[in-house]
file work.cif (mmCIF, C-alpha atoms)
data_protein
#
loop_
_atom_site.label_atom_id
_atom_site.label_comp_id
_atom_site.auth_asym_id
_atom_site.auth_seq_id
_atom_site.Cartn_x
_atom_site.Cartn_y
_atom_site.Cartn_z
CA MET A 1 370.50 259.65 -20.88
CA LYS A 2 367.59 260.98 -18.84
CA ALA A 3 365.06 258.39 -17.76
CA LYS A 4 361.55 258.86 -19.13
CA ILE A 5 358.66 258.49 -16.70
CA LEU A 6 354.96 258.09 -17.52
CA ILE A 7 352.60 259.55 -14.89
CA VAL A 8 349.14 257.96 -14.89
CA ASP A 9 346.56 259.73 -12.74
CA ASP A 10 343.05 261.03 -13.42
CA SER A 11 343.73 264.07 -11.25
CA ALA A 12 345.46 266.91 -13.09
CA MET A 13 346.53 268.29 -9.72
CA ALA A 14 348.24 265.04 -8.80
CA ARG A 15 349.94 264.82 -12.21
CA ARG A 16 351.17 268.40 -11.95
CA GLY A 17 352.67 267.80 -8.51
CA VAL A 18 354.53 264.64 -9.51
CA ARG A 19 355.64 266.16 -12.83
CA HIS A 20 357.07 269.19 -11.05
CA VAL A 21 359.17 267.05 -8.70
CA LEU A 22 360.38 264.69 -11.42
CA GLU A 23 361.25 267.39 -13.96
CA SER A 24 363.11 269.41 -11.35
CA ALA A 25 365.21 266.29 -10.71
CA GLY A 26 366.02 266.02 -14.42
CA TYR A 27 363.63 263.31 -15.57
CA ASP A 28 361.67 263.40 -18.84
CA VAL A 29 357.96 263.17 -18.08
CA VAL A 30 354.92 262.14 -20.10
CA GLU A 31 351.37 261.95 -18.75
CA ALA A 32 348.20 259.92 -19.14
CA GLU A 33 344.87 260.76 -17.55
CA ASP A 34 343.39 257.28 -17.66
CA GLY A 35 344.30 253.64 -18.08
CA LEU A 36 343.68 253.31 -21.81
CA ILE A 37 345.74 256.40 -22.63
CA ALA A 38 348.44 254.99 -20.33
CA LEU A 39 348.60 251.70 -22.23
CA GLU A 40 348.85 253.55 -25.52
CA GLY A 41 351.45 255.91 -24.03
CA TYR A 42 353.50 253.00 -22.74
CA PHE A 43 353.53 251.43 -26.20
CA LEU A 44 354.41 254.70 -27.99
CA ASP A 45 356.74 256.43 -25.53
CA LYS A 46 358.45 253.36 -24.05
CA PRO A 47 359.03 254.99 -20.66
CA ASP A 48 361.56 253.58 -18.19
CA LEU A 49 359.08 253.79 -15.34
CA VAL A 50 355.32 254.20 -14.87
CA VAL A 51 354.01 256.14 -11.86
CA LEU A 52 350.49 254.79 -11.47
CA ASP A 53 347.42 255.86 -9.48
CA LEU A 54 344.96 253.14 -8.38
CA VAL A 55 341.48 254.64 -8.17
CA MET A 56 340.72 256.12 -11.59
CA LYS A 57 337.73 256.49 -13.90
CA GLY A 58 337.46 253.62 -16.40
CA MET A 59 340.23 251.09 -15.82
CA ASN A 60 341.50 251.04 -12.26
CA GLY A 61 345.22 251.03 -11.54
CA LEU A 62 345.44 247.33 -10.72
CA ASP A 63 343.91 246.47 -14.12
CA VAL A 64 346.33 248.86 -15.82
CA LEU A 65 349.21 247.18 -13.98
CA LYS A 66 348.04 243.76 -15.16
CA LYS A 67 347.76 244.94 -18.79
CA LEU A 68 351.19 246.55 -18.62
CA GLN A 69 352.65 243.27 -17.34
CA GLU A 70 351.02 241.45 -20.25
CA MET A 71 352.50 243.97 -22.70
CA ASP A 72 355.97 243.94 -21.14
CA ALA A 73 357.01 241.53 -18.38
CA GLY A 74 359.90 243.88 -17.58
CA VAL A 75 357.73 246.95 -16.95
CA ARG A 76 358.64 248.98 -13.85
CA VAL A 77 355.68 250.49 -12.04
CA LEU A 78 355.64 252.67 -8.95
CA VAL A 79 352.13 252.96 -7.49
CA VAL A 80 351.25 256.34 -5.97
CA SER A 81 347.78 256.21 -4.47
CA ALA A 82 345.64 257.83 -1.79
CA ASP A 83 344.59 254.31 -0.79
CA VAL A 84 346.50 253.62 2.44
CA GLN A 85 345.22 250.06 2.93
CA ASP A 86 347.87 247.41 3.51
CA SER A 87 345.79 245.01 1.40
CA SER A 88 345.94 247.41 -1.57
CA ARG A 89 349.71 247.65 -1.21
CA GLU A 90 349.91 243.85 -1.13
CA LEU A 91 347.72 243.56 -4.24
CA ALA A 92 349.87 246.08 -6.11
CA VAL A 93 353.16 244.49 -5.12
CA SER A 94 351.93 240.96 -5.84
CA GLY A 95 350.70 242.32 -9.20
CA GLY A 96 354.25 243.35 -10.04
CA ALA A 97 354.58 246.93 -8.77
CA SER A 98 358.16 247.88 -7.85
CA GLY A 99 357.04 250.20 -5.09
CA PHE A 100 354.02 251.77 -3.41
CA LEU A 101 353.72 255.31 -2.06
CA THR A 102 350.67 256.88 -0.44
CA LYS A 103 349.51 260.40 -1.26
CA PRO A 104 350.33 263.06 -0.44
CA VAL A 105 353.90 262.23 -1.46
CA ASP A 106 356.83 264.30 -0.35
CA ARG A 107 359.61 265.22 -2.77
CA ALA A 108 362.36 263.20 -1.09
CA GLY A 109 360.18 260.10 -0.71
CA LEU A 110 359.10 260.23 -4.35
CA LEU A 111 362.61 260.72 -5.73
CA THR A 112 364.00 257.92 -3.54
CA ALA A 113 361.27 255.51 -4.66
CA VAL A 114 361.74 256.50 -8.33
CA ALA A 115 365.51 256.02 -8.14
CA LYS A 116 365.06 252.65 -6.47
CA ALA A 117 362.53 251.48 -9.08
CA LEU A 118 364.78 252.65 -11.91
CA GLU A 119 367.81 250.94 -10.37
CA ALA A 120 365.89 247.68 -10.51
CA THR A 121 365.57 248.20 -14.26
CA ALA A 122 369.31 248.09 -14.85
CA MET B 123 315.56 252.61 17.63
CA MET B 124 318.88 250.78 17.70
CA GLU B 125 321.40 251.96 20.26
CA LEU B 126 325.15 251.45 20.45
CA THR B 127 326.46 250.22 23.80
CA ALA B 128 328.92 252.47 25.62
CA LEU B 129 331.75 250.02 24.83
CA GLN B 130 330.85 249.92 21.13
CA GLN B 131 330.59 253.71 21.00
CA ASP B 132 333.94 254.08 22.76
CA ALA B 133 335.73 251.63 20.44
CA LEU B 134 334.15 253.25 17.38
CA VAL B 135 335.20 256.76 18.45
CA GLU B 136 338.76 255.52 19.02
CA LEU B 137 338.80 253.98 15.55
CA LEU B 138 337.47 257.24 14.09
CA ASN B 139 340.07 259.25 15.98
CA ILE B 140 342.81 257.25 14.31
CA GLY B 141 341.25 257.38 10.84
CA PHE B 142 340.32 261.06 10.95
CA GLY B 143 343.71 261.78 12.51
CA ARG B 144 345.42 260.22 9.51
CA ALA B 145 343.26 262.36 7.21
CA ALA B 146 344.14 265.48 9.22
CA ALA B 147 347.84 264.64 8.98
CA SER B 148 347.50 264.38 5.19
CA LEU B 149 345.73 267.75 5.01
CA SER B 150 348.40 269.33 7.17
CA GLN B 151 351.12 267.89 4.93
CA LEU B 152 349.35 269.23 1.83
CA THR B 153 348.75 272.75 3.13
CA GLY B 154 351.58 273.31 5.58
CA HIS B 155 349.04 274.39 8.22
CA ARG B 156 348.28 272.70 11.48
CA VAL B 157 344.86 271.04 11.37
CA LEU B 158 342.63 271.25 14.43
CA LEU B 159 340.27 268.30 14.55
CA ASP B 160 337.14 268.04 16.70
CA VAL B 161 336.32 264.85 18.57
CA PRO B 162 334.42 262.58 16.18
CA GLN B 163 330.69 262.28 16.79
CA VAL B 164 328.80 259.04 16.19
CA THR B 165 325.04 259.10 15.84
CA LEU B 166 322.53 256.55 14.66
CA HIS B 167 319.47 257.83 12.85
CA ALA B 168 316.39 256.56 11.12
CA VAL B 169 317.03 257.25 7.45
CA ASP B 170 314.36 259.93 7.23
CA GLU B 171 316.06 261.84 10.05
CA VAL B 172 319.54 261.87 8.51
CA GLY B 173 318.85 265.02 6.50
CA GLU B 174 317.74 266.93 9.55
CA ALA B 175 320.82 265.75 11.47
CA LEU B 176 323.22 266.82 8.73
CA GLU B 177 321.54 270.17 8.19
CA ARG B 178 322.24 270.98 11.82
CA LEU B 179 325.96 270.76 10.97
CA VAL B 180 326.16 272.43 7.58
CA HIS B 181 323.82 274.86 5.90
CA GLY B 182 323.26 276.23 2.43
CA HIS B 183 325.65 275.97 -0.50
CA VAL B 184 328.71 273.76 0.10
CA ALA B 185 331.46 272.03 -1.85
CA SER B 186 331.34 268.32 -1.16
CA VAL B 187 333.55 265.49 -2.37
CA HIS B 188 331.64 262.23 -2.27
CA GLN B 189 333.14 258.74 -2.54
CA ILE B 190 331.13 255.55 -2.34
CA PHE B 191 332.97 252.70 -0.66
CA THR B 192 332.10 249.04 -0.94
CA GLY B 193 333.20 245.79 0.66
CA PRO B 194 332.26 244.08 3.93
CA VAL B 195 331.53 247.58 5.24
CA ALA B 196 329.93 249.90 2.70
CA GLY B 197 328.60 253.42 2.64
CA ASP B 198 329.24 257.00 1.63
CA ALA B 199 332.15 259.19 2.66
CA LEU B 200 332.01 262.96 2.27
CA LEU B 201 334.35 265.89 2.66
CA ILE B 202 332.25 269.02 3.08
CA LEU B 203 333.59 272.56 2.85
CA ASP B 204 331.74 275.83 2.66
CA GLU B 205 332.33 277.67 -0.63
CA SER B 206 334.70 280.29 0.74
CA GLY B 207 336.71 277.61 2.59
CA ALA B 208 337.03 275.63 -0.65
CA ALA B 209 338.28 278.71 -2.52
CA ILE B 210 340.85 279.48 0.21
CA LEU B 211 342.02 275.87 0.24
CA LYS B 212 342.61 276.04 -3.52
CA GLU B 213 344.63 279.22 -3.00
CA LEU B 214 346.75 277.54 -0.33
CA LEU B 215 347.51 274.56 -2.54
CA THR B 216 348.16 276.32 -5.83
CA ASN B 217 349.40 279.78 -4.78
CA GLU B 218 346.91 281.11 -7.35
CA PRO B 219 344.56 283.77 -6.02
CA ALA B 220 340.95 282.67 -5.77
CA LEU B 221 338.10 285.09 -6.31
CA PRO B 222 335.94 285.28 -3.20
CA LEU B 223 333.23 282.64 -3.26
CA SER B 224 334.52 281.29 -6.55
CA ILE B 225 334.92 277.59 -7.33
CA ASP B 226 336.55 277.64 -10.76
CA ALA B 227 337.78 274.63 -12.75
CA SER B 228 341.16 274.73 -11.06
CA ALA B 229 339.57 274.82 -7.61
CA ARG B 230 337.26 271.93 -8.51
CA GLU B 231 340.23 269.82 -9.52
CA VAL B 232 342.17 270.69 -6.37
CA ILE B 233 339.26 270.10 -3.99
CA THR B 234 338.43 266.77 -5.65
CA GLU B 235 341.98 265.50 -5.21
CA VAL B 236 342.14 266.77 -1.62
CA GLY B 237 338.86 264.95 -0.94
CA ASN B 238 340.25 261.80 -2.53
CA ILE B 239 343.34 261.91 -0.32
CA LEU B 240 341.50 262.69 2.91
CA LEU B 241 338.66 260.20 2.45
CA ASN B 242 341.04 257.42 1.42
CA ALA B 243 343.33 258.18 4.36
CA CYS B 244 340.42 257.90 6.71
CA LEU B 245 338.64 254.86 5.25
CA GLY B 246 341.87 253.08 4.35
CA THR B 247 343.00 253.36 7.96
CA PHE B 248 339.71 251.80 9.06
CA GLY B 249 340.27 249.02 6.54
CA ASN B 250 343.76 248.39 7.88
CA LEU B 251 342.72 248.35 11.52
CA LEU B 252 339.62 246.25 10.98
CA LYS B 253 341.32 243.96 8.47
CA VAL B 254 338.67 244.47 5.79
CA GLN B 255 339.33 245.43 2.17
CA VAL B 256 337.44 248.53 1.09
CA SER B 257 337.04 249.54 -2.57
CA PHE B 258 336.44 253.15 -3.55
CA SER B 259 334.56 254.85 -6.35
CA VAL B 260 336.23 257.80 -8.04
CA PRO B 261 335.60 260.98 -6.06
CA HIS B 262 332.75 263.20 -7.21
CA LEU B 263 332.63 266.92 -6.47
CA SER B 264 329.33 268.74 -6.09
CA ILE B 265 328.70 272.38 -5.42
CA GLU B 266 325.12 272.56 -4.23
CA ASN B 267 323.04 272.94 -1.16
CA VAL B 268 323.11 270.36 1.58
CA GLY B 269 319.59 269.18 0.77
CA ALA B 270 320.60 268.13 -2.77
CA ILE B 271 323.64 266.23 -1.47
CA LEU B 272 321.44 264.40 0.98
CA GLU B 273 318.93 263.55 -1.70
CA SER B 274 321.62 261.79 -3.75
CA LEU B 275 322.69 259.82 -0.65
CA MET B 276 319.13 258.84 0.14
CA VAL B 277 318.52 257.61 -3.41
CA ALA B 278 321.58 255.39 -3.13
CA HIS B 279 320.35 254.05 0.21
CA GLN B 280 316.80 253.22 -0.80
CA GLY B 281 315.40 250.36 1.21
CA ILE B 282 317.39 250.88 4.39
CA ARG B 283 315.88 252.08 7.65
CA TYR B 284 318.78 253.26 9.76
CA ALA B 285 322.03 255.01 9.02
CA LEU B 286 325.09 255.60 11.14
CA VAL B 287 326.45 259.10 10.70
CA VAL B 288 329.96 259.78 11.91
CA HIS B 289 331.54 263.16 11.47
CA ALA B 290 334.33 265.37 12.70
CA GLY B 291 334.74 269.08 12.12
CA PHE B 292 338.18 270.46 11.33
CA ARG B 293 339.86 273.83 10.92
CA LEU B 294 343.15 274.84 9.35
CA ARG B 295 344.91 277.03 11.90
CA ASP B 296 345.50 280.63 10.77
CA THR B 297 343.01 280.26 7.91
CA GLN B 298 339.26 280.48 7.40
CA VAL B 299 339.09 276.91 6.12
CA THR B 300 336.68 274.76 8.08
CA GLY B 301 334.94 271.61 7.01
CA TYR B 302 333.58 268.21 7.92
CA LEU B 303 334.54 264.64 7.23
CA MET B 304 331.43 262.52 7.25
CA ILE B 305 330.60 258.83 6.76
CA VAL B 306 327.11 257.42 6.31
CA LEU B 307 326.67 253.65 6.74
CA SER B 308 323.65 251.42 6.41
CA VAL B 309 322.76 249.27 9.39
CA ALA B 310 323.70 246.09 7.52
CA SER B 311 327.20 247.51 7.35
CA LEU B 312 326.91 248.79 10.88
CA ASP B 313 326.43 245.28 12.19
CA ARG B 314 329.60 244.11 10.43
CA LEU B 315 331.43 247.25 11.49
CA ILE B 316 330.51 246.72 15.14
CA HIS B 317 331.76 243.12 15.05
CA ALA B 318 334.99 244.20 13.40
CA VAL B 319 335.42 247.03 15.91
CA GLU B 320 334.81 244.63 18.81
CA ASP B 321 337.42 242.21 17.41
CA TRP B 322 339.84 245.10 17.01
CA GLU B 323 339.12 246.34 20.54
CA GLN B 324 339.73 242.81 21.93
CA ALA B 325 343.02 242.60 20.06
CA GLN B 326 344.21 245.82 21.76
CA ARG B 327 343.92 244.25 25.25
#
call {"tool": "encode", "arguments": {"input": "work.cif", "output": "structure tokens"}}
result
Amino acid sequence: MKAKILIVDDSAMARRGVRHVLESAGYDVVEAEDGLIALEGYFLDKPDLVVLDLVMKGMNGLDVLKKLQEMDAGVRVLVVSADVQDSSRELAVSGGASGFLTKPVDRAGLLTAVAKALEATA
Amino acid sequence: MMELTALQQDALVELLNIGFGRAAASLSQLTGHRVLLDVPQVTLHAVDEVGEALERLVHGHVASVHQIFTGPVAGDALLILDESGAAILKELLTNEPALPLSIDASAREVITEVGNILLNACLGTFGNLLKVQVSFSVPHLSIENVGAILESLMVAHQGIRYALVVHAGFRLRDTQVTGYLMIVLSVASLDRLIHAVEDWEQAQR
């Protein structure tokens, strides 16, 4: 069965890029353009992995990560953010993220990180 | 008027070289074109002179992506492109033809995300090197003349007397895309920045 991945990013360009890579690798993809839609989407779609941006309008990514953890302690989240700060990476990982990539992401790096995060689910 | 010492200026330019270099690498990765980056310039101005200083660099109608950053060091970061450069950049990133001098919805979305990536690359690198945590606002795109952009910055900086303006021009090789990365800091932040830069410079020895 194909894994389902929820992309959460307020940039349509960023969502398009990630969707293109993931779909071409055979994954099912759903999208959310902000944190609240992401939480609803996680509840409804039950994705295997969430690809999450950090700096977004409304709820920021770290708050979304915290809420997702509260909803499902087993949630797998890969953070993909333009924020290159080590401290942001540490905050995301200590908040439960399975991985952290900085934008712009390359195809191979994204697919490797996604596979690794999904492996951890099994 | 406050002055930076030669050592402070040198350390600051080196820090900017690394931060802007990271941003240039990101832009190159996004577009597939080599990015030529000017040496960063650091200037300290009385607030009422900032407009004049910036208008010497960029004129007329421009596309600017503005992000406010906060933390121990706070200020405004801007990516500035002229309108035709913004349209060409959109074309490069989407393979969709852009009408000359046209910033449509698709171009707005692309330029905003490019600004987000470049400004975060630059400021995040500063944060890493100086060991300070910087928080970012969501990026905001404006298409207007330089004067209007400056007005919005000045409103946000009411009550301050001096501002540090750092900028670097860049060009995508084999294209007509040129632009500026620019950071405006208040002097309160400047003081903290200088101390952090001095600590960083000491740690390099």
call {"tool": "atom_distance", "arguments": {"input": "work.cif", "atom1": "CA of Val306 (chain B)", "atom2": "CA of Asp198 (chain B)"}}
result
5.2 Å
call {"tool": "resolve_selection", "arguments": {"input": "work.cif", "expression": "the PyMOL selection byres ((chain B) within 12 of (chain A))", "output": "ChimeraX atom specification"}}
result
/B:141,144-154,189-191,212,215-216,227-262
call {"tool": "resolve_selection", "arguments": {"input": "work.cif", "expression": "the PyMOL selection byres ((chain B and resi 300) around 10)", "output": "list in words"}}
result
Val157, Leu158, Leu159, Ile202, Leu203, Asp204, Ser206, Gly207, Ala208, Leu211, Gly291, Phe292, Arg293, Leu294, Arg295, Thr297, Gln298, Val299, Gly301 and Tyr302 of chain B
call {"tool": "residues_around", "arguments": {"input": "work.cif", "residues": "Gly35 (chain A)", "least_positions_apart": "4", "cutoff": "7 Å", "atoms": "all atoms listed in the file", "output": "MDAnalysis selection string"}}
result
chainID A and resid 39 59:60 64
call {"tool": "resolve_selection", "arguments": {"input": "work.cif", "expression": "the PyMOL selection byres ((chain B and resi 175) around 12)", "output": "mmCIF file with C-alpha atoms, keeping the file's coordinate frame"}}
result
data_model
loop_
_atom_site.group_PDB
_atom_site.id
_atom_site.type_symbol
_atom_site.label_atom_id
_atom_site.label_comp_id
_atom_site.auth_asym_id
_atom_site.auth_seq_id
_atom_site.Cartn_x
_atom_site.Cartn_y
_atom_site.Cartn_z
ATOM 1 C CA GLN B 163 330.690 262.280 16.790
ATOM 2 C CA VAL B 164 328.800 259.040 16.190
ATOM 3 C CA THR B 165 325.040 259.100 15.840
ATOM 4 C CA LEU B 166 322.530 256.550 14.660
ATOM 5 C CA HIS B 167 319.470 257.830 12.850
ATOM 6 C CA ALA B 168 316.390 256.560 11.120
ATOM 7 C CA VAL B 169 317.030 257.250 7.450
ATOM 8 C CA ASP B 170 314.360 259.930 7.230
ATOM 9 C CA GLU B 171 316.060 261.840 10.050
ATOM 10 C CA VAL B 172 319.540 261.870 8.510
ATOM 11 C CA GLY B 173 318.850 265.020 6.500
ATOM 12 C CA GLU B 174 317.740 266.930 9.550
ATOM 13 C CA LEU B 176 323.220 266.820 8.730
ATOM 14 C CA GLU B 177 321.540 270.170 8.190
ATOM 15 C CA ARG B 178 322.240 270.980 11.820
ATOM 16 C CA LEU B 179 325.960 270.760 10.970
ATOM 17 C CA VAL B 180 326.160 272.430 7.580
ATOM 18 C CA HIS B 181 323.820 274.860 5.900
ATOM 19 C CA VAL B 268 323.110 270.360 1.580
ATOM 20 C CA GLY B 269 319.590 269.180 0.770
ATOM 21 C CA LEU B 272 321.440 264.400 0.980
ATOM 22 C CA ALA B 285 322.030 255.010 9.020
ATOM 23 C CA LEU B 286 325.090 255.600 11.140
ATOM 24 C CA VAL B 287 326.450 259.100 10.700
ATOM 25 C CA VAL B 288 329.960 259.780 11.910
ATOM 26 C CA HIS B 289 331.540 263.160 11.470
ATOM 27 C CA MET B 304 331.430 262.520 7.250
ATOM 28 C CA VAL B 306 327.110 257.420 6.310
#
call {"tool": "atom_distance", "arguments": {"input": "work.cif", "atom1": "CA of Ala97 (chain A)", "atom2": "CA of Asp63 (chain A)"}}
result
11.9 Å
call {"tool": "build_atoms", "arguments": {"input": "work.cif", "residues": "region 9-21 of chain A", "atoms": "N, CA, C and O atoms", "output": "tab-separated table (two decimals), in the frame of the given file"}}
result
chain	number	residue	atom	x	y	z
A	9	ASP	N	347.44	259.31	-13.84
A	9	ASP	CA	346.56	259.73	-12.74
A	9	ASP	C	345.40	260.51	-13.35
A	9	ASP	O	345.63	261.32	-14.26
A	10	ASP	N	344.19	260.28	-12.86
A	10	ASP	CA	343.05	261.03	-13.42
A	10	ASP	C	342.93	262.42	-12.81
A	10	ASP	O	342.09	263.20	-13.24
A	11	SER	N	343.74	262.72	-11.83
A	11	SER	CA	343.73	264.07	-11.25
A	11	SER	C	344.84	264.91	-11.86
A	11	SER	O	346.03	264.56	-11.74
A	12	ALA	N	344.44	266.02	-12.50
A	12	ALA	CA	345.46	266.91	-13.09
A	12	ALA	C	346.34	267.50	-12.00
A	12	ALA	O	347.53	267.72	-12.19
A	13	MET	N	345.74	267.74	-10.83
A	13	MET	CA	346.53	268.29	-9.72
A	13	MET	C	347.63	267.32	-9.31
A	13	MET	O	348.78	267.70	-9.12
A	14	ALA	N	347.26	266.05	-9.20
A	14	ALA	CA	348.24	265.04	-8.80
A	14	ALA	C	349.35	264.92	-9.85
A	14	ALA	O	350.54	264.84	-9.53
A	15	ARG	N	348.94	264.93	-11.14
A	15	ARG	CA	349.94	264.82	-12.21
A	15	ARG	C	350.90	266.00	-12.18
A	15	ARG	O	352.11	265.83	-12.32
A	16	ARG	N	350.33	267.19	-11.98
A	16	ARG	CA	351.17	268.40	-11.95
A	16	ARG	C	352.21	268.31	-10.85
A	16	ARG	O	353.38	268.63	-11.04
A	17	GLY	N	351.77	267.88	-9.65
A	17	GLY	CA	352.67	267.80	-8.51
A	17	GLY	C	353.82	266.85	-8.76
A	17	GLY	O	355.00	267.17	-8.52
A	18	VAL	N	353.49	265.66	-9.27
A	18	VAL	CA	354.53	264.64	-9.51
A	18	VAL	C	355.45	265.10	-10.65
A	18	VAL	O	356.67	264.97	-10.58
A	19	ARG	N	354.84	265.67	-11.69
A	19	ARG	CA	355.64	266.16	-12.83
A	19	ARG	C	356.66	267.20	-12.36
A	19	ARG	O	357.83	267.14	-12.74
A	20	HIS	N	356.20	268.12	-11.53
A	20	HIS	CA	357.07	269.19	-11.05
A	20	HIS	C	358.31	268.60	-10.34
A	20	HIS	O	359.45	269.01	-10.61
A	21	VAL	N	358.07	267.65	-9.46
A	21	VAL	CA	359.17	267.05	-8.70
A	21	VAL	C	360.12	266.31	-9.64
A	21	VAL	O	361.35	266.47	-9.58
